[in-house]
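So this one's entry16.txt, compact mmCIF, N, CA, C and O atoms:
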```txt
# COMPACT_ATOMS: atom_id res chain seq x y z
N MET U 1 -10.68 -46.14 -138.26
CA MET U 1 -12.05 -46.57 -138.32
C MET U 1 -12.11 -48.07 -138.05
O MET U 1 -11.35 -48.84 -138.60
N GLU U 2 -13.05 -48.47 -137.21
CA GLU U 2 -13.21 -49.88 -136.89
C GLU U 2 -14.11 -50.56 -137.91
O GLU U 2 -15.08 -49.97 -138.38
N ILE U 3 -13.78 -51.79 -138.23
CA ILE U 3 -14.61 -52.58 -139.11
C ILE U 3 -15.29 -53.64 -138.27
O ILE U 3 -14.66 -54.39 -137.54
N TYR U 4 -16.62 -53.66 -138.35
CA TYR U 4 -17.40 -54.59 -137.56
C TYR U 4 -17.82 -55.78 -138.42
O TYR U 4 -18.15 -55.63 -139.58
N ASP U 5 -17.78 -56.94 -137.80
CA ASP U 5 -18.24 -58.15 -138.47
C ASP U 5 -19.74 -58.26 -138.21
O ASP U 5 -20.17 -58.52 -137.09
N VAL U 6 -20.54 -58.04 -139.25
CA VAL U 6 -22.00 -58.04 -139.11
C VAL U 6 -22.55 -59.36 -139.61
O VAL U 6 -22.24 -59.80 -140.72
N ASP U 7 -23.36 -60.00 -138.79
CA ASP U 7 -24.03 -61.23 -139.17
C ASP U 7 -25.30 -60.84 -139.92
O ASP U 7 -26.34 -60.56 -139.32
N MET U 8 -25.23 -60.82 -141.27
CA MET U 8 -26.35 -60.38 -142.08
C MET U 8 -27.57 -61.29 -141.92
O MET U 8 -28.70 -60.79 -141.89
N ALA U 9 -27.35 -62.58 -141.79
CA ALA U 9 -28.47 -63.50 -141.62
C ALA U 9 -29.22 -63.20 -140.33
O ALA U 9 -30.46 -63.17 -140.31
N GLU U 10 -28.48 -62.93 -139.26
CA GLU U 10 -29.10 -62.61 -137.98
C GLU U 10 -29.82 -61.26 -138.05
O GLU U 10 -30.91 -61.10 -137.50
N MET U 11 -29.22 -60.31 -138.73
CA MET U 11 -29.84 -59.00 -138.86
C MET U 11 -31.16 -59.10 -139.64
O MET U 11 -32.16 -58.49 -139.26
N GLU U 12 -31.16 -59.88 -140.70
CA GLU U 12 -32.39 -60.08 -141.48
C GLU U 12 -33.45 -60.82 -140.67
O GLU U 12 -34.63 -60.51 -140.76
N LYS U 13 -33.03 -61.78 -139.85
CA LYS U 13 -33.97 -62.51 -139.00
C LYS U 13 -34.62 -61.55 -138.00
O LYS U 13 -35.83 -61.59 -137.76
N GLN U 14 -33.81 -60.67 -137.44
CA GLN U 14 -34.34 -59.69 -136.49
C GLN U 14 -35.32 -58.74 -137.18
O GLN U 14 -36.37 -58.39 -136.61
N ARG U 15 -34.99 -58.33 -138.40
CA ARG U 15 -35.90 -57.47 -139.17
C ARG U 15 -37.22 -58.18 -139.42
O ARG U 15 -38.30 -57.61 -139.27
N TYR U 16 -37.13 -59.44 -139.85
CA TYR U 16 -38.32 -60.26 -140.12
C TYR U 16 -39.18 -60.37 -138.86
O TYR U 16 -40.39 -60.13 -138.89
N ASP U 17 -38.54 -60.72 -137.75
CA ASP U 17 -39.27 -60.87 -136.48
C ASP U 17 -39.93 -59.56 -136.06
O ASP U 17 -41.06 -59.55 -135.55
N SER U 18 -39.26 -58.44 -136.27
CA SER U 18 -39.80 -57.14 -135.91
C SER U 18 -41.02 -56.80 -136.76
O SER U 18 -42.03 -56.31 -136.24
N ILE U 19 -40.95 -57.07 -138.05
CA ILE U 19 -42.09 -56.81 -138.94
C ILE U 19 -43.27 -57.68 -138.54
O ILE U 19 -44.41 -57.20 -138.43
N LYS U 20 -43.02 -58.98 -138.30
CA LYS U 20 -44.10 -59.88 -137.89
C LYS U 20 -44.72 -59.44 -136.56
O LYS U 20 -45.93 -59.47 -136.40
N ALA U 21 -43.89 -59.00 -135.62
CA ALA U 21 -44.38 -58.58 -134.31
C ALA U 21 -45.24 -57.33 -134.40
O ALA U 21 -46.11 -57.12 -133.55
N SER U 22 -45.03 -56.53 -135.43
CA SER U 22 -45.83 -55.31 -135.59
C SER U 22 -47.30 -55.64 -135.87
O SER U 22 -48.17 -54.83 -135.59
N GLY U 23 -47.55 -56.82 -136.43
CA GLY U 23 -48.92 -57.22 -136.73
C GLY U 23 -49.50 -56.59 -137.98
O GLY U 23 -50.66 -56.80 -138.31
N LYS U 24 -48.69 -55.83 -138.71
CA LYS U 24 -49.14 -55.17 -139.93
C LYS U 24 -48.15 -55.50 -141.04
O LYS U 24 -47.06 -54.93 -141.09
N TYR U 25 -48.56 -56.42 -141.92
CA TYR U 25 -47.64 -56.84 -142.97
C TYR U 25 -48.38 -57.63 -144.06
O TYR U 25 -49.50 -58.09 -143.86
N ALA U 26 -47.72 -57.79 -145.18
CA ALA U 26 -48.16 -58.66 -146.26
C ALA U 26 -47.02 -59.64 -146.52
O ALA U 26 -45.86 -59.24 -146.60
N GLU U 27 -47.35 -60.92 -146.62
CA GLU U 27 -46.31 -61.95 -146.77
C GLU U 27 -46.79 -63.03 -147.74
O GLU U 27 -47.93 -63.45 -147.69
N ILE U 28 -45.88 -63.46 -148.60
CA ILE U 28 -46.14 -64.58 -149.50
C ILE U 28 -45.04 -65.61 -149.28
O ILE U 28 -43.86 -65.26 -149.26
N LYS U 29 -45.44 -66.86 -149.13
CA LYS U 29 -44.49 -67.97 -149.04
C LYS U 29 -44.80 -68.93 -150.19
O LYS U 29 -45.96 -69.28 -150.41
N ILE U 30 -43.76 -69.35 -150.90
CA ILE U 30 -43.92 -70.32 -151.98
C ILE U 30 -42.86 -71.39 -151.78
O ILE U 30 -41.68 -71.10 -151.69
N LEU U 31 -43.32 -72.63 -151.72
CA LEU U 31 -42.42 -73.76 -151.56
C LEU U 31 -42.74 -74.78 -152.65
O LEU U 31 -43.87 -75.25 -152.76
N VAL U 32 -41.74 -75.09 -153.48
CA VAL U 32 -41.91 -76.03 -154.58
C VAL U 32 -41.06 -77.26 -154.30
O VAL U 32 -39.84 -77.15 -154.19
N GLY U 33 -41.70 -78.40 -154.19
CA GLY U 33 -40.98 -79.64 -153.95
C GLY U 33 -40.37 -80.19 -155.23
O GLY U 33 -40.73 -79.80 -156.34
N ALA U 34 -39.46 -81.13 -155.09
CA ALA U 34 -38.78 -81.71 -156.24
C ALA U 34 -39.56 -82.82 -156.91
O ALA U 34 -39.33 -83.13 -158.08
N GLU U 35 -40.50 -83.40 -156.21
CA GLU U 35 -41.24 -84.54 -156.76
C GLU U 35 -42.50 -84.09 -157.49
O GLU U 35 -43.27 -83.30 -156.98
N ALA U 36 -42.71 -84.65 -158.70
CA ALA U 36 -43.94 -84.40 -159.45
C ALA U 36 -44.96 -85.47 -159.07
O ALA U 36 -44.60 -86.57 -158.67
N GLU U 37 -46.22 -85.11 -159.21
CA GLU U 37 -47.30 -86.03 -158.90
C GLU U 37 -48.11 -86.28 -160.16
O GLU U 37 -48.31 -85.38 -160.97
N LYS U 38 -48.59 -87.51 -160.33
CA LYS U 38 -49.42 -87.83 -161.48
C LYS U 38 -50.88 -87.52 -161.13
O LYS U 38 -51.40 -88.00 -160.14
N SER U 39 -51.53 -86.72 -161.97
CA SER U 39 -52.91 -86.34 -161.70
C SER U 39 -53.86 -87.38 -162.30
O SER U 39 -53.44 -88.31 -162.99
N GLU U 40 -55.16 -87.21 -162.05
CA GLU U 40 -56.17 -88.16 -162.52
C GLU U 40 -56.18 -88.29 -164.04
O GLU U 40 -56.47 -89.37 -164.57
N ASP U 41 -55.87 -87.21 -164.75
CA ASP U 41 -55.89 -87.27 -166.22
C ASP U 41 -54.57 -87.76 -166.81
O ASP U 41 -54.38 -87.78 -168.01
N GLY U 42 -53.65 -88.17 -165.96
CA GLY U 42 -52.39 -88.75 -166.41
C GLY U 42 -51.25 -87.77 -166.60
O GLY U 42 -50.14 -88.17 -166.91
N THR U 43 -51.51 -86.48 -166.46
CA THR U 43 -50.43 -85.50 -166.61
C THR U 43 -49.62 -85.42 -165.33
O THR U 43 -50.11 -85.72 -164.24
N MET U 44 -48.39 -85.04 -165.48
CA MET U 44 -47.52 -84.85 -164.32
C MET U 44 -47.62 -83.39 -163.88
O MET U 44 -47.66 -82.49 -164.70
N SER U 45 -47.69 -83.19 -162.59
CA SER U 45 -47.79 -81.82 -162.09
C SER U 45 -47.06 -81.69 -160.76
O SER U 45 -46.77 -82.67 -160.09
N LYS U 46 -46.76 -80.47 -160.44
CA LYS U 46 -46.21 -80.13 -159.13
C LYS U 46 -47.26 -79.27 -158.44
O LYS U 46 -47.91 -78.44 -159.07
N THR U 47 -47.41 -79.47 -157.18
CA THR U 47 -48.35 -78.67 -156.41
C THR U 47 -47.57 -77.87 -155.38
O THR U 47 -47.26 -78.38 -154.30
N PRO U 48 -47.20 -76.65 -155.73
CA PRO U 48 -46.46 -75.82 -154.79
C PRO U 48 -47.30 -75.47 -153.58
O PRO U 48 -48.52 -75.41 -153.65
N PHE U 49 -46.63 -75.26 -152.47
CA PHE U 49 -47.29 -74.71 -151.29
C PHE U 49 -47.22 -73.20 -151.43
O PHE U 49 -46.13 -72.63 -151.53
N ILE U 50 -48.37 -72.55 -151.46
CA ILE U 50 -48.43 -71.09 -151.59
C ILE U 50 -49.30 -70.54 -150.48
O ILE U 50 -50.45 -70.96 -150.32
N SER U 51 -48.74 -69.63 -149.72
CA SER U 51 -49.46 -69.02 -148.61
C SER U 51 -49.34 -67.52 -148.72
O SER U 51 -48.24 -66.98 -148.82
N THR U 52 -50.48 -66.83 -148.72
CA THR U 52 -50.49 -65.38 -148.72
C THR U 52 -51.14 -64.91 -147.42
O THR U 52 -52.24 -65.32 -147.11
N THR U 53 -50.44 -64.07 -146.70
CA THR U 53 -50.95 -63.54 -145.44
C THR U 53 -50.99 -62.02 -145.53
O THR U 53 -49.98 -61.39 -145.83
N MET U 54 -52.16 -61.47 -145.27
CA MET U 54 -52.32 -60.02 -145.24
C MET U 54 -52.84 -59.66 -143.85
O MET U 54 -53.96 -60.03 -143.49
N ARG U 55 -52.03 -58.99 -143.07
CA ARG U 55 -52.40 -58.63 -141.70
C ARG U 55 -52.45 -57.11 -141.57
O ARG U 55 -51.43 -56.45 -141.56
N ASP U 56 -53.67 -56.59 -141.50
CA ASP U 56 -53.89 -55.17 -141.25
C ASP U 56 -53.00 -54.29 -142.12
O ASP U 56 -52.40 -53.32 -141.65
N CYS U 57 -52.88 -54.65 -143.41
CA CYS U 57 -52.00 -53.88 -144.28
C CYS U 57 -52.83 -52.97 -145.18
O CYS U 57 -54.02 -53.18 -145.40
N SER U 58 -52.17 -51.95 -145.70
CA SER U 58 -52.83 -50.96 -146.55
C SER U 58 -52.51 -51.25 -148.01
O SER U 58 -51.76 -52.17 -148.34
N SER U 59 -53.05 -50.42 -148.88
CA SER U 59 -52.76 -50.56 -150.31
C SER U 59 -51.28 -50.34 -150.59
O SER U 59 -50.73 -50.89 -151.55
N GLU U 60 -50.61 -49.59 -149.74
CA GLU U 60 -49.17 -49.35 -149.93
C GLU U 60 -48.38 -50.65 -149.76
O GLU U 60 -47.46 -50.92 -150.54
N GLU U 61 -48.71 -51.46 -148.76
CA GLU U 61 -48.03 -52.74 -148.57
C GLU U 61 -48.34 -53.70 -149.71
O GLU U 61 -47.46 -54.44 -150.17
N VAL U 62 -49.58 -53.69 -150.19
CA VAL U 62 -49.95 -54.55 -151.32
C VAL U 62 -49.15 -54.14 -152.56
O VAL U 62 -48.60 -54.98 -153.27
N ALA U 63 -49.05 -52.85 -152.81
CA ALA U 63 -48.27 -52.36 -153.94
C ALA U 63 -46.80 -52.73 -153.80
O ALA U 63 -46.15 -53.14 -154.77
N CYS U 64 -46.26 -52.61 -152.60
CA CYS U 64 -44.86 -52.98 -152.35
C CYS U 64 -44.65 -54.47 -152.58
O CYS U 64 -43.64 -54.89 -153.17
N LEU U 65 -45.59 -55.29 -152.14
CA LEU U 65 -45.52 -56.73 -152.36
C LEU U 65 -45.52 -57.04 -153.85
O LEU U 65 -44.73 -57.84 -154.34
N TYR U 66 -46.39 -56.38 -154.59
CA TYR U 66 -46.49 -56.57 -156.04
C TYR U 66 -45.18 -56.21 -156.74
O TYR U 66 -44.65 -56.99 -157.54
N VAL U 67 -44.62 -55.06 -156.40
CA VAL U 67 -43.35 -54.63 -157.01
C VAL U 67 -42.22 -55.58 -156.63
O VAL U 67 -41.35 -55.90 -157.44
N SER U 68 -42.25 -56.07 -155.40
CA SER U 68 -41.23 -57.03 -154.96
C SER U 68 -41.31 -58.32 -155.77
O SER U 68 -40.29 -58.89 -156.15
N LEU U 69 -42.53 -58.80 -156.02
CA LEU U 69 -42.71 -60.01 -156.83
C LEU U 69 -42.19 -59.80 -158.25
O LEU U 69 -41.56 -60.69 -158.83
N LYS U 70 -42.44 -58.61 -158.80
CA LYS U 70 -41.91 -58.31 -160.14
C LYS U 70 -40.39 -58.35 -160.14
O LYS U 70 -39.76 -58.86 -161.07
N ALA U 71 -39.78 -57.83 -159.09
CA ALA U 71 -38.31 -57.83 -158.99
C ALA U 71 -37.78 -59.25 -158.85
O ALA U 71 -36.74 -59.58 -159.44
N VAL U 72 -38.47 -60.09 -158.10
CA VAL U 72 -38.06 -61.50 -157.97
C VAL U 72 -38.14 -62.19 -159.32
O VAL U 72 -37.22 -62.92 -159.72
N LEU U 73 -39.22 -61.96 -160.06
CA LEU U 73 -39.36 -62.55 -161.40
C LEU U 73 -38.23 -62.11 -162.31
O LEU U 73 -37.65 -62.92 -163.04
N GLN U 74 -37.90 -60.82 -162.29
CA GLN U 74 -36.82 -60.33 -163.15
C GLN U 74 -35.49 -60.95 -162.74
O GLN U 74 -34.68 -61.33 -163.59
N SER U 75 -35.26 -61.09 -161.45
CA SER U 75 -34.03 -61.71 -160.97
C SER U 75 -33.94 -63.16 -161.44
O SER U 75 -32.88 -63.62 -161.87
N LEU U 76 -35.06 -63.89 -161.38
CA LEU U 76 -35.07 -65.27 -161.87
C LEU U 76 -34.79 -65.33 -163.36
O LEU U 76 -34.05 -66.19 -163.84
N ARG U 77 -35.38 -64.39 -164.12
CA ARG U 77 -35.14 -64.35 -165.58
C ARG U 77 -33.67 -64.09 -165.87
O ARG U 77 -33.10 -64.64 -166.80
N ASP U 78 -33.04 -63.21 -165.07
CA ASP U 78 -31.63 -62.88 -165.27
C ASP U 78 -30.73 -64.05 -164.93
O ASP U 78 -29.75 -64.32 -165.64
N LYS U 79 -31.02 -64.76 -163.83
CA LYS U 79 -30.17 -65.85 -163.38
C LYS U 79 -30.44 -67.17 -164.08
O LYS U 79 -29.54 -67.98 -164.25
N TYR U 80 -31.69 -67.41 -164.46
CA TYR U 80 -32.10 -68.69 -165.03
C TYR U 80 -32.93 -68.48 -166.30
O TYR U 80 -34.10 -68.86 -166.36
N PRO U 81 -32.34 -67.89 -167.35
CA PRO U 81 -33.13 -67.57 -168.54
C PRO U 81 -33.71 -68.80 -169.24
O PRO U 81 -34.87 -68.76 -169.69
N VAL U 82 -32.97 -69.88 -169.33
CA VAL U 82 -33.46 -71.08 -170.01
C VAL U 82 -34.61 -71.70 -169.23
O VAL U 82 -35.65 -72.05 -169.80
N GLU U 83 -34.46 -71.80 -167.92
CA GLU U 83 -35.50 -72.37 -167.08
C GLU U 83 -36.78 -71.55 -167.15
O GLU U 83 -37.89 -72.10 -167.21
N CYS U 84 -36.64 -70.23 -167.15
CA CYS U 84 -37.81 -69.36 -167.23
C CYS U 84 -38.49 -69.49 -168.59
O CYS U 84 -39.72 -69.52 -168.68
N PHE U 85 -37.68 -69.59 -169.66
CA PHE U 85 -38.25 -69.79 -170.99
C PHE U 85 -39.03 -71.11 -171.04
O PHE U 85 -40.15 -71.16 -171.55
N LEU U 86 -38.44 -72.17 -170.49
CA LEU U 86 -39.13 -73.46 -170.47
C LEU U 86 -40.42 -73.37 -169.64
O LEU U 86 -41.45 -73.92 -170.03
N GLY U 87 -40.35 -72.69 -168.52
CA GLY U 87 -41.54 -72.51 -167.70
C GLY U 87 -42.64 -71.78 -168.46
O GLY U 87 -43.81 -72.15 -168.40
N ASP U 88 -42.24 -70.75 -169.21
CA ASP U 88 -43.22 -69.98 -169.99
C ASP U 88 -43.81 -70.79 -171.15
O ASP U 88 -44.96 -70.61 -171.50
N THR U 89 -43.01 -71.68 -171.73
CA THR U 89 -43.46 -72.36 -172.95
C THR U 89 -44.05 -73.75 -172.72
O THR U 89 -44.92 -74.16 -173.48
N ILE U 90 -43.57 -74.49 -171.71
CA ILE U 90 -44.07 -75.87 -171.58
C ILE U 90 -44.84 -76.14 -170.29
O ILE U 90 -45.32 -77.24 -170.08
N MET U 91 -44.96 -75.14 -169.45
CA MET U 91 -45.72 -75.33 -168.22
C MET U 91 -46.90 -74.36 -168.22
O MET U 91 -46.83 -73.30 -168.84
N GLU U 92 -47.94 -74.75 -167.52
CA GLU U 92 -49.06 -73.84 -167.37
C GLU U 92 -49.58 -73.92 -165.95
O GLU U 92 -49.49 -74.95 -165.30
N THR U 93 -50.13 -72.82 -165.51
CA THR U 93 -50.75 -72.78 -164.19
C THR U 93 -52.23 -73.03 -164.39
O THR U 93 -52.90 -72.28 -165.09
N THR U 94 -52.72 -74.10 -163.79
CA THR U 94 -54.14 -74.43 -163.95
C THR U 94 -54.99 -73.83 -162.85
O THR U 94 -56.17 -73.65 -163.01
N ASN U 95 -54.39 -73.55 -161.72
CA ASN U 95 -55.08 -72.83 -160.64
C ASN U 95 -54.01 -72.26 -159.73
O ASN U 95 -52.82 -72.36 -160.00
N TYR U 96 -54.44 -71.70 -158.64
CA TYR U 96 -53.54 -70.97 -157.74
C TYR U 96 -52.41 -71.81 -157.18
O TYR U 96 -51.38 -71.30 -156.82
N GLY U 97 -52.57 -73.14 -157.12
CA GLY U 97 -51.55 -73.93 -156.46
C GLY U 97 -51.02 -75.11 -157.24
O GLY U 97 -50.36 -75.96 -156.69
N THR U 98 -51.31 -75.21 -158.56
CA THR U 98 -50.85 -76.36 -159.33
C THR U 98 -50.18 -75.89 -160.61
O THR U 98 -50.71 -75.04 -161.31
N ILE U 99 -49.04 -76.48 -160.92
CA ILE U 99 -48.35 -76.19 -162.17
C ILE U 99 -48.26 -77.48 -162.96
O ILE U 99 -47.68 -78.47 -162.49
N ASN U 100 -48.87 -77.53 -164.15
CA ASN U 100 -48.77 -78.71 -165.01
C ASN U 100 -47.43 -78.71 -165.72
O ASN U 100 -47.02 -77.70 -166.29
N LEU U 101 -46.78 -79.85 -165.73
CA LEU U 101 -45.47 -79.96 -166.38
C LEU U 101 -45.59 -80.33 -167.84
O LEU U 101 -44.65 -80.19 -168.60
N SER U 102 -46.74 -80.86 -168.27
CA SER U 102 -46.92 -81.26 -169.65
C SER U 102 -48.11 -80.49 -170.22
O SER U 102 -49.24 -80.92 -170.13
N LYS U 103 -47.82 -79.34 -170.82
CA LYS U 103 -48.85 -78.45 -171.35
C LYS U 103 -49.56 -79.11 -172.52
O LYS U 103 -48.92 -79.69 -173.39
N ASP U 104 -50.88 -79.01 -172.57
CA ASP U 104 -51.67 -79.57 -173.65
C ASP U 104 -51.40 -78.79 -174.93
O ASP U 104 -51.59 -77.58 -175.00
N GLU U 105 -50.94 -79.48 -175.97
CA GLU U 105 -50.57 -78.83 -177.23
C GLU U 105 -51.78 -78.29 -178.00
O GLU U 105 -51.63 -77.43 -178.84
N GLU U 106 -52.97 -78.77 -177.71
CA GLU U 106 -54.14 -78.36 -178.47
C GLU U 106 -54.70 -77.01 -178.01
O GLU U 106 -55.54 -76.44 -178.67
N GLU U 107 -54.26 -76.51 -176.90
CA GLU U 107 -54.79 -75.25 -176.38
C GLU U 107 -54.34 -74.08 -177.20
O GLU U 107 -53.30 -73.99 -177.70
```
Could you take the file, read its structure, and then write that structure out as structure tokens?
Amino acid sequence: MEIYDVDMAEMEKQRYDSIKASGKYAEIKILVGAEAEKSEDGTMSKTPFISTTMRDCSSEEVACLYVSLKAVLQSLRDKYPVECFLGDTIMETTNYGTINLSKDEEE
């Protein structure tokens, strides 16, 4: 039996390109920079770049996207339990694209 050297990164790129070319997909991109920004009220925050694209997709793709996000969250909890705990306890999401790093204790 022959063993083939498969370029997994290239294979995944081809899969990605094929899905995008189909014109029917759901996609979420999240990019979090390392630098925090000081807001008008003096708190430090990060403003992630979040992009959601829904192209001619059905409820099945939305459900698959949702389940995939749950799996990503579980994977992060498994790999980075302390960081996830800190995120849950000292950070808050104030809107769709901003994460406050200094949660107000009075809330």
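The space between CA of Phe85 (chain U) and CA of Lys29 (chain U) spans 22.9 Å.
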DSSP on the backbone: what in chain U comes out strand (DSSP E), as an NGL selection string? :U and (25-31 or 37-38 or 44-46 or 49-55 or 92-95 or 98-100)
Please produce an output containing N, CA, C and O atoms for each residue in the selection, written as a tab-separated table (two decimals), in the coordinates of the input.
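Final file, selection.tsv:
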```
chain	number	residue	atom	x	y	z
U	25	TYR	N	-48.56	-56.42	-141.92
U	25	TYR	CA	-47.64	-56.84	-142.97
U	25	TYR	C	-48.38	-57.63	-144.06
U	25	TYR	O	-49.50	-58.09	-143.86
U	26	ALA	N	-47.72	-57.79	-145.18
U	26	ALA	CA	-48.16	-58.66	-146.26
U	26	ALA	C	-47.02	-59.64	-146.52
U	26	ALA	O	-45.86	-59.24	-146.60
U	27	GLU	N	-47.35	-60.92	-146.62
U	27	GLU	CA	-46.31	-61.95	-146.77
U	27	GLU	C	-46.79	-63.03	-147.74
U	27	GLU	O	-47.93	-63.45	-147.69
U	28	ILE	N	-45.88	-63.46	-148.60
U	28	ILE	CA	-46.14	-64.58	-149.50
U	28	ILE	C	-45.04	-65.61	-149.28
U	28	ILE	O	-43.86	-65.26	-149.26
U	29	LYS	N	-45.44	-66.86	-149.13
U	29	LYS	CA	-44.49	-67.97	-149.04
U	29	LYS	C	-44.80	-68.93	-150.19
U	29	LYS	O	-45.96	-69.28	-150.41
U	30	ILE	N	-43.76	-69.35	-150.90
U	30	ILE	CA	-43.92	-70.32	-151.98
U	30	ILE	C	-42.86	-71.39	-151.78
U	30	ILE	O	-41.68	-71.10	-151.69
U	31	LEU	N	-43.32	-72.63	-151.72
U	31	LEU	CA	-42.42	-73.76	-151.56
U	31	LEU	C	-42.74	-74.78	-152.65
U	31	LEU	O	-43.87	-75.25	-152.76
U	37	GLU	N	-46.22	-85.11	-159.21
U	37	GLU	CA	-47.30	-86.03	-158.90
U	37	GLU	C	-48.11	-86.28	-160.16
U	37	GLU	O	-48.31	-85.38	-160.97
U	38	LYS	N	-48.59	-87.51	-160.33
U	38	LYS	CA	-49.42	-87.83	-161.48
U	38	LYS	C	-50.88	-87.52	-161.13
U	38	LYS	O	-51.40	-88.00	-160.14
U	44	MET	N	-48.39	-85.04	-165.48
U	44	MET	CA	-47.52	-84.85	-164.32
U	44	MET	C	-47.62	-83.39	-163.88
U	44	MET	O	-47.66	-82.49	-164.70
U	45	SER	N	-47.69	-83.19	-162.59
U	45	SER	CA	-47.79	-81.82	-162.09
U	45	SER	C	-47.06	-81.69	-160.76
U	45	SER	O	-46.77	-82.67	-160.09
U	46	LYS	N	-46.76	-80.47	-160.44
U	46	LYS	CA	-46.21	-80.13	-159.13
U	46	LYS	C	-47.26	-79.27	-158.44
U	46	LYS	O	-47.91	-78.44	-159.07
U	49	PHE	N	-46.63	-75.26	-152.47
U	49	PHE	CA	-47.29	-74.71	-151.29
U	49	PHE	C	-47.22	-73.20	-151.43
U	49	PHE	O	-46.13	-72.63	-151.53
U	50	ILE	N	-48.37	-72.55	-151.46
U	50	ILE	CA	-48.43	-71.09	-151.59
U	50	ILE	C	-49.30	-70.54	-150.48
U	50	ILE	O	-50.45	-70.96	-150.32
U	51	SER	N	-48.74	-69.63	-149.72
U	51	SER	CA	-49.46	-69.02	-148.61
U	51	SER	C	-49.34	-67.52	-148.72
U	51	SER	O	-48.24	-66.98	-148.82
U	52	THR	N	-50.48	-66.83	-148.72
U	52	THR	CA	-50.49	-65.38	-148.72
U	52	THR	C	-51.14	-64.91	-147.42
U	52	THR	O	-52.24	-65.32	-147.11
U	53	THR	N	-50.44	-64.07	-146.70
U	53	THR	CA	-50.95	-63.54	-145.44
U	53	THR	C	-50.99	-62.02	-145.53
U	53	THR	O	-49.98	-61.39	-145.83
U	54	MET	N	-52.16	-61.47	-145.27
U	54	MET	CA	-52.32	-60.02	-145.24
U	54	MET	C	-52.84	-59.66	-143.85
U	54	MET	O	-53.96	-60.03	-143.49
U	55	ARG	N	-52.03	-58.99	-143.07
U	55	ARG	CA	-52.40	-58.63	-141.70
U	55	ARG	C	-52.45	-57.11	-141.57
U	55	ARG	O	-51.43	-56.45	-141.56
U	92	GLU	N	-47.94	-74.75	-167.52
U	92	GLU	CA	-49.06	-73.84	-167.37
U	92	GLU	C	-49.58	-73.92	-165.95
U	92	GLU	O	-49.49	-74.95	-165.30
U	93	THR	N	-50.13	-72.82	-165.51
U	93	THR	CA	-50.75	-72.78	-164.19
U	93	THR	C	-52.23	-73.03	-164.39
U	93	THR	O	-52.90	-72.28	-165.09
U	94	THR	N	-52.72	-74.10	-163.79
U	94	THR	CA	-54.14	-74.43	-163.95
U	94	THR	C	-54.99	-73.83	-162.85
U	94	THR	O	-56.17	-73.65	-163.01
U	95	ASN	N	-54.39	-73.55	-161.72
U	95	ASN	CA	-55.08	-72.83	-160.64
U	95	ASN	C	-54.01	-72.26	-159.73
U	95	ASN	O	-52.82	-72.36	-160.00
U	98	THR	N	-51.31	-75.21	-158.56
U	98	THR	CA	-50.85	-76.36	-159.33
U	98	THR	C	-50.18	-75.89	-160.61
U	98	THR	O	-50.71	-75.04	-161.31
U	99	ILE	N	-49.04	-76.48	-160.92
U	99	ILE	CA	-48.35	-76.19	-162.17
U	99	ILE	C	-48.26	-77.48	-162.96
U	99	ILE	O	-47.68	-78.47	-162.49
U	100	ASN	N	-48.87	-77.53	-164.15
U	100	ASN	CA	-48.77	-78.71	-165.01
U	100	ASN	C	-47.43	-78.71	-165.72
U	100	ASN	O	-47.02	-77.70	-166.29
```
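In this structure, atom O of Pro48 (chain U) sits 7.5 Å away from atom N of Gly33 (chain U).
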Do you have the CA of Ser51 (chain U)-CA of Glu27 (chain U) distance handy? 8.0 Å
Starting from the point (-50.1, -58.2, -147.1), work out which residues of protein, DNA or RNA have an atom no more than 7 Å away when counting all atoms listed in the file; state them as an MDAnalysis selection string. chainID U and resid 24:28 52:58 61:62
Using only N, CA, C and O atoms, please write the residues we just selected to a file, as a compact mmCIF listing (two decimals), in the coordinates of the input.
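To be explicit, this is the file written out as result_0.txt:
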```
# COMPACT_ATOMS: atom_id res chain seq x y z
N LYS U 24 -48.69 -55.83 -138.71
CA LYS U 24 -49.14 -55.17 -139.93
C LYS U 24 -48.15 -55.50 -141.04
O LYS U 24 -47.06 -54.93 -141.09
N TYR U 25 -48.56 -56.42 -141.92
CA TYR U 25 -47.64 -56.84 -142.97
C TYR U 25 -48.38 -57.63 -144.06
O TYR U 25 -49.50 -58.09 -143.86
N ALA U 26 -47.72 -57.79 -145.18
CA ALA U 26 -48.16 -58.66 -146.26
C ALA U 26 -47.02 -59.64 -146.52
O ALA U 26 -45.86 -59.24 -146.60
N GLU U 27 -47.35 -60.92 -146.62
CA GLU U 27 -46.31 -61.95 -146.77
C GLU U 27 -46.79 -63.03 -147.74
O GLU U 27 -47.93 -63.45 -147.69
N ILE U 28 -45.88 -63.46 -148.60
CA ILE U 28 -46.14 -64.58 -149.50
C ILE U 28 -45.04 -65.61 -149.28
O ILE U 28 -43.86 -65.26 -149.26
N THR U 52 -50.48 -66.83 -148.72
CA THR U 52 -50.49 -65.38 -148.72
C THR U 52 -51.14 -64.91 -147.42
O THR U 52 -52.24 -65.32 -147.11
N THR U 53 -50.44 -64.07 -146.70
CA THR U 53 -50.95 -63.54 -145.44
C THR U 53 -50.99 -62.02 -145.53
O THR U 53 -49.98 -61.39 -145.83
N MET U 54 -52.16 -61.47 -145.27
CA MET U 54 -52.32 -60.02 -145.24
C MET U 54 -52.84 -59.66 -143.85
O MET U 54 -53.96 -60.03 -143.49
N ARG U 55 -52.03 -58.99 -143.07
CA ARG U 55 -52.40 -58.63 -141.70
C ARG U 55 -52.45 -57.11 -141.57
O ARG U 55 -51.43 -56.45 -141.56
N ASP U 56 -53.67 -56.59 -141.50
CA ASP U 56 -53.89 -55.17 -141.25
C ASP U 56 -53.00 -54.29 -142.12
O ASP U 56 -52.40 -53.32 -141.65
N CYS U 57 -52.88 -54.65 -143.41
CA CYS U 57 -52.00 -53.88 -144.28
C CYS U 57 -52.83 -52.97 -145.18
O CYS U 57 -54.02 -53.18 -145.40
N SER U 58 -52.17 -51.95 -145.70
CA SER U 58 -52.83 -50.96 -146.55
C SER U 58 -52.51 -51.25 -148.01
O SER U 58 -51.76 -52.17 -148.34
N GLU U 61 -48.71 -51.46 -148.76
CA GLU U 61 -48.03 -52.74 -148.57
C GLU U 61 -48.34 -53.70 -149.71
O GLU U 61 -47.46 -54.44 -150.17
N VAL U 62 -49.58 -53.69 -150.19
CA VAL U 62 -49.95 -54.55 -151.32
C VAL U 62 -49.15 -54.14 -152.56
O VAL U 62 -48.60 -54.98 -153.27
```
